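Step one of this worksheet: look at the structure below.
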Amino acid sequence: VQLVESGGGLVQAGGSLRLSCRASGRLLNIIDMGWYRQAPGKEREWVALVTRDDTSNYADSVKGRFITSRDNGWNTVSLLMNNVKPEDTAIYYCYARESFTQIYTSWGQGTQVTVSS
């Protein structure tokens with residue numbers, strides 16, 4: 001699976017931004033897709049995921065502000081970021097987990113999100 005993120009940029013605190021992740025390749029074995037982020041000087045942090053039955057889960061830090069969703073067939077997964085805060089500034093990475101005999105994770109290249117105060 002190949003993943004390409006888009007939609008990052010500069011946004012003011014309190015504003016909204018939508019990230020997209022376009023998946024290509026063999027998608028049949030995907031069990032979930034989601035997002036991590038990494039701020040400067042910090043470890044990569046899990047943000048959200050959506051499963052094949054459209055269940056979504058969120059980190060406490062973004063719950064109630066971010067919404068992740070997918071289209072049919074895993075072609076595109078989106079992350080709608082509402083009421084953003086300066087602490088949301090990070091590089092956001094899309095990932096996909098596939099189930100074969102073991103779980104295999106693919107990653108996108110990342111997209112920068114900067115929130116100004």
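In the structure tokens, chains take letters A, B, ... by order of appearance, with residues numbered from 1 within each chain and ligands from 1 in the order shown.
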Who sits within 12 Å of Thr111 (chain A), only C-alpha atoms, same chain under 6 positions skipped, as an mmCIF file with N, CA and C atoms, in the first residue's frame:
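Everything below was put into out14.cif:
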```cif
data_model
loop_
_atom_site.group_PDB
_atom_site.id
_atom_site.type_symbol
_atom_site.label_atom_id
_atom_site.label_comp_id
_atom_site.auth_asym_id
_atom_site.auth_seq_id
_atom_site.Cartn_x
_atom_site.Cartn_y
_atom_site.Cartn_z
ATOM 1 N N LEU A 3 0.867 5.438 0.397
ATOM 2 C CA LEU A 3 0.050 6.477 1.035
ATOM 3 C C LEU A 3 0.635 7.849 0.749
ATOM 4 N N VAL A 4 -0.225 8.797 0.393
ATOM 5 C CA VAL A 4 0.213 10.171 0.133
ATOM 6 C C VAL A 4 -0.721 11.119 0.868
ATOM 7 N N GLU A 5 -0.160 11.898 1.788
ATOM 8 C CA GLU A 5 -0.948 12.885 2.523
ATOM 9 C C GLU A 5 -0.969 14.218 1.791
ATOM 10 N N SER A 6 -2.005 14.978 2.070
ATOM 11 C CA SER A 6 -2.097 16.337 1.549
ATOM 12 C C SER A 6 -2.977 17.150 2.488
ATOM 13 N N GLY A 7 -2.938 18.468 2.308
ATOM 14 C CA GLY A 7 -3.831 19.337 3.066
ATOM 15 C C GLY A 7 -3.200 20.071 4.223
ATOM 16 N N GLY A 8 -1.933 19.806 4.513
ATOM 17 C CA GLY A 8 -1.292 20.516 5.604
ATOM 18 C C GLY A 8 -1.070 21.977 5.264
ATOM 19 N N GLY A 9 -0.685 22.741 6.273
ATOM 20 C CA GLY A 9 -0.422 24.148 6.054
ATOM 21 C C GLY A 9 -0.455 24.928 7.341
ATOM 22 N N LEU A 10 -0.605 26.233 7.192
ATOM 23 C CA LEU A 10 -0.644 27.153 8.319
ATOM 24 C C LEU A 10 -2.091 27.542 8.611
ATOM 25 N N ARG A 18 -8.343 20.364 6.962
ATOM 26 C CA ARG A 18 -8.643 18.980 6.608
ATOM 27 C C ARG A 18 -7.428 18.359 5.936
ATOM 28 N N LEU A 19 -6.988 17.255 6.478
ATOM 29 C CA LEU A 19 -5.926 16.463 5.871
ATOM 30 C C LEU A 19 -6.546 15.287 5.118
ATOM 31 N N SER A 20 -5.912 14.920 4.033
ATOM 32 C CA SER A 20 -6.356 13.754 3.274
ATOM 33 C C SER A 20 -5.203 12.792 3.087
ATOM 34 N N CYS A 21 -5.532 11.525 3.016
ATOM 35 C CA CYS A 21 -4.545 10.474 2.764
ATOM 36 C C CYS A 21 -5.088 9.593 1.651
ATOM 37 N N TRP A 35 -3.894 8.101 11.817
ATOM 38 C CA TRP A 35 -2.947 9.220 11.822
ATOM 39 C C TRP A 35 -2.089 9.217 13.085
ATOM 40 N N TYR A 36 -0.827 9.516 12.886
ATOM 41 C CA TYR A 36 0.090 9.851 13.960
ATOM 42 C C TYR A 36 0.580 11.275 13.704
ATOM 43 N N ARG A 37 1.183 11.846 14.707
ATOM 44 C CA ARG A 37 1.827 13.141 14.533
ATOM 45 C C ARG A 37 3.097 13.192 15.357
ATOM 46 N N GLN A 38 4.012 14.057 14.908
ATOM 47 C CA GLN A 38 5.265 14.234 15.632
ATOM 48 C C GLN A 38 5.613 15.702 15.662
ATOM 49 N N ALA A 39 5.653 16.237 16.859
ATOM 50 C CA ALA A 39 6.038 17.636 17.059
ATOM 51 C C ALA A 39 7.549 17.710 17.250
ATOM 52 N N LEU A 79 -8.803 13.577 7.796
ATOM 53 C CA LEU A 79 -8.748 14.007 9.188
ATOM 54 C C LEU A 79 -9.182 15.466 9.208
ATOM 55 N N THR A 89 0.472 21.656 16.426
ATOM 56 C CA THR A 89 1.535 21.816 15.437
ATOM 57 C C THR A 89 2.427 20.580 15.414
ATOM 58 N N ALA A 90 2.555 19.980 14.236
ATOM 59 C CA ALA A 90 3.332 18.748 14.106
ATOM 60 C C ALA A 90 3.356 18.337 12.637
ATOM 61 N N ILE A 91 4.168 17.345 12.350
ATOM 62 C CA ILE A 91 4.061 16.643 11.075
ATOM 63 C C ILE A 91 3.069 15.507 11.279
ATOM 64 N N TYR A 92 2.077 15.427 10.418
ATOM 65 C CA TYR A 92 1.032 14.412 10.518
ATOM 66 C C TYR A 92 1.295 13.321 9.488
ATOM 67 N N TYR A 93 1.311 12.091 9.989
ATOM 68 C CA TYR A 93 1.584 10.928 9.144
ATOM 69 C C TYR A 93 0.342 10.044 9.065
ATOM 70 N N CYS A 94 0.017 9.646 7.873
ATOM 71 C CA CYS A 94 -1.043 8.677 7.660
ATOM 72 C C CYS A 94 -0.443 7.274 7.704
#
```
Tell me which protein, DNA and RNA residues are within 6 Å of Arg97 (chain A), counting only C-alpha atoms, leaving out same-chain ones fewer than 5 positions away, and put them as a VMD selection string.
chain A and resid 30 to 32 104 to 105
Considering only C-alpha atoms, state which residue in the set A:Gly25, A:Ser117, A:Asn83, A:Glu98 is at the smallest distance from Phe66 (chain A).
A:Asn83
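With only C-alpha atoms as the atoms that count, the minimum distance from Ser78 (chain A) to the choices A:Ala23, A:Gln12, A:Ile103, A:Asp60 is reached by A:Ala23.
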Polymer residues at most 7 Å from region 67-74 of chain A, only C-alpha atoms, same-chain spacing of 4 or more positions, as JSON, numbers by chain:
{"A": [23, 27, 48, 49, 50, 56, 78, 79, 80, 81]}
Let's see if you can do this: from backbone DSSP, list all strand (DSSP E) residues in region 10-103 of chain A, as a ChimeraX atom specification.
/A:10-12,17-24,30-38,45-51,56-58,66-70,76-81,90-99,103
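Take CA of Phe100 (chain A) and CA of Ala59 (chain A): the distance between them is 26.5 Å.
The gap separating CA of Gly14 (chain A) from CA of Lys85 (chain A) is 6.5 Å, in Å to one decimal.
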Å distance separating CA of Asn29 (chain A) from CA of Tyr95 (chain A), one decimal place
13.6 Å
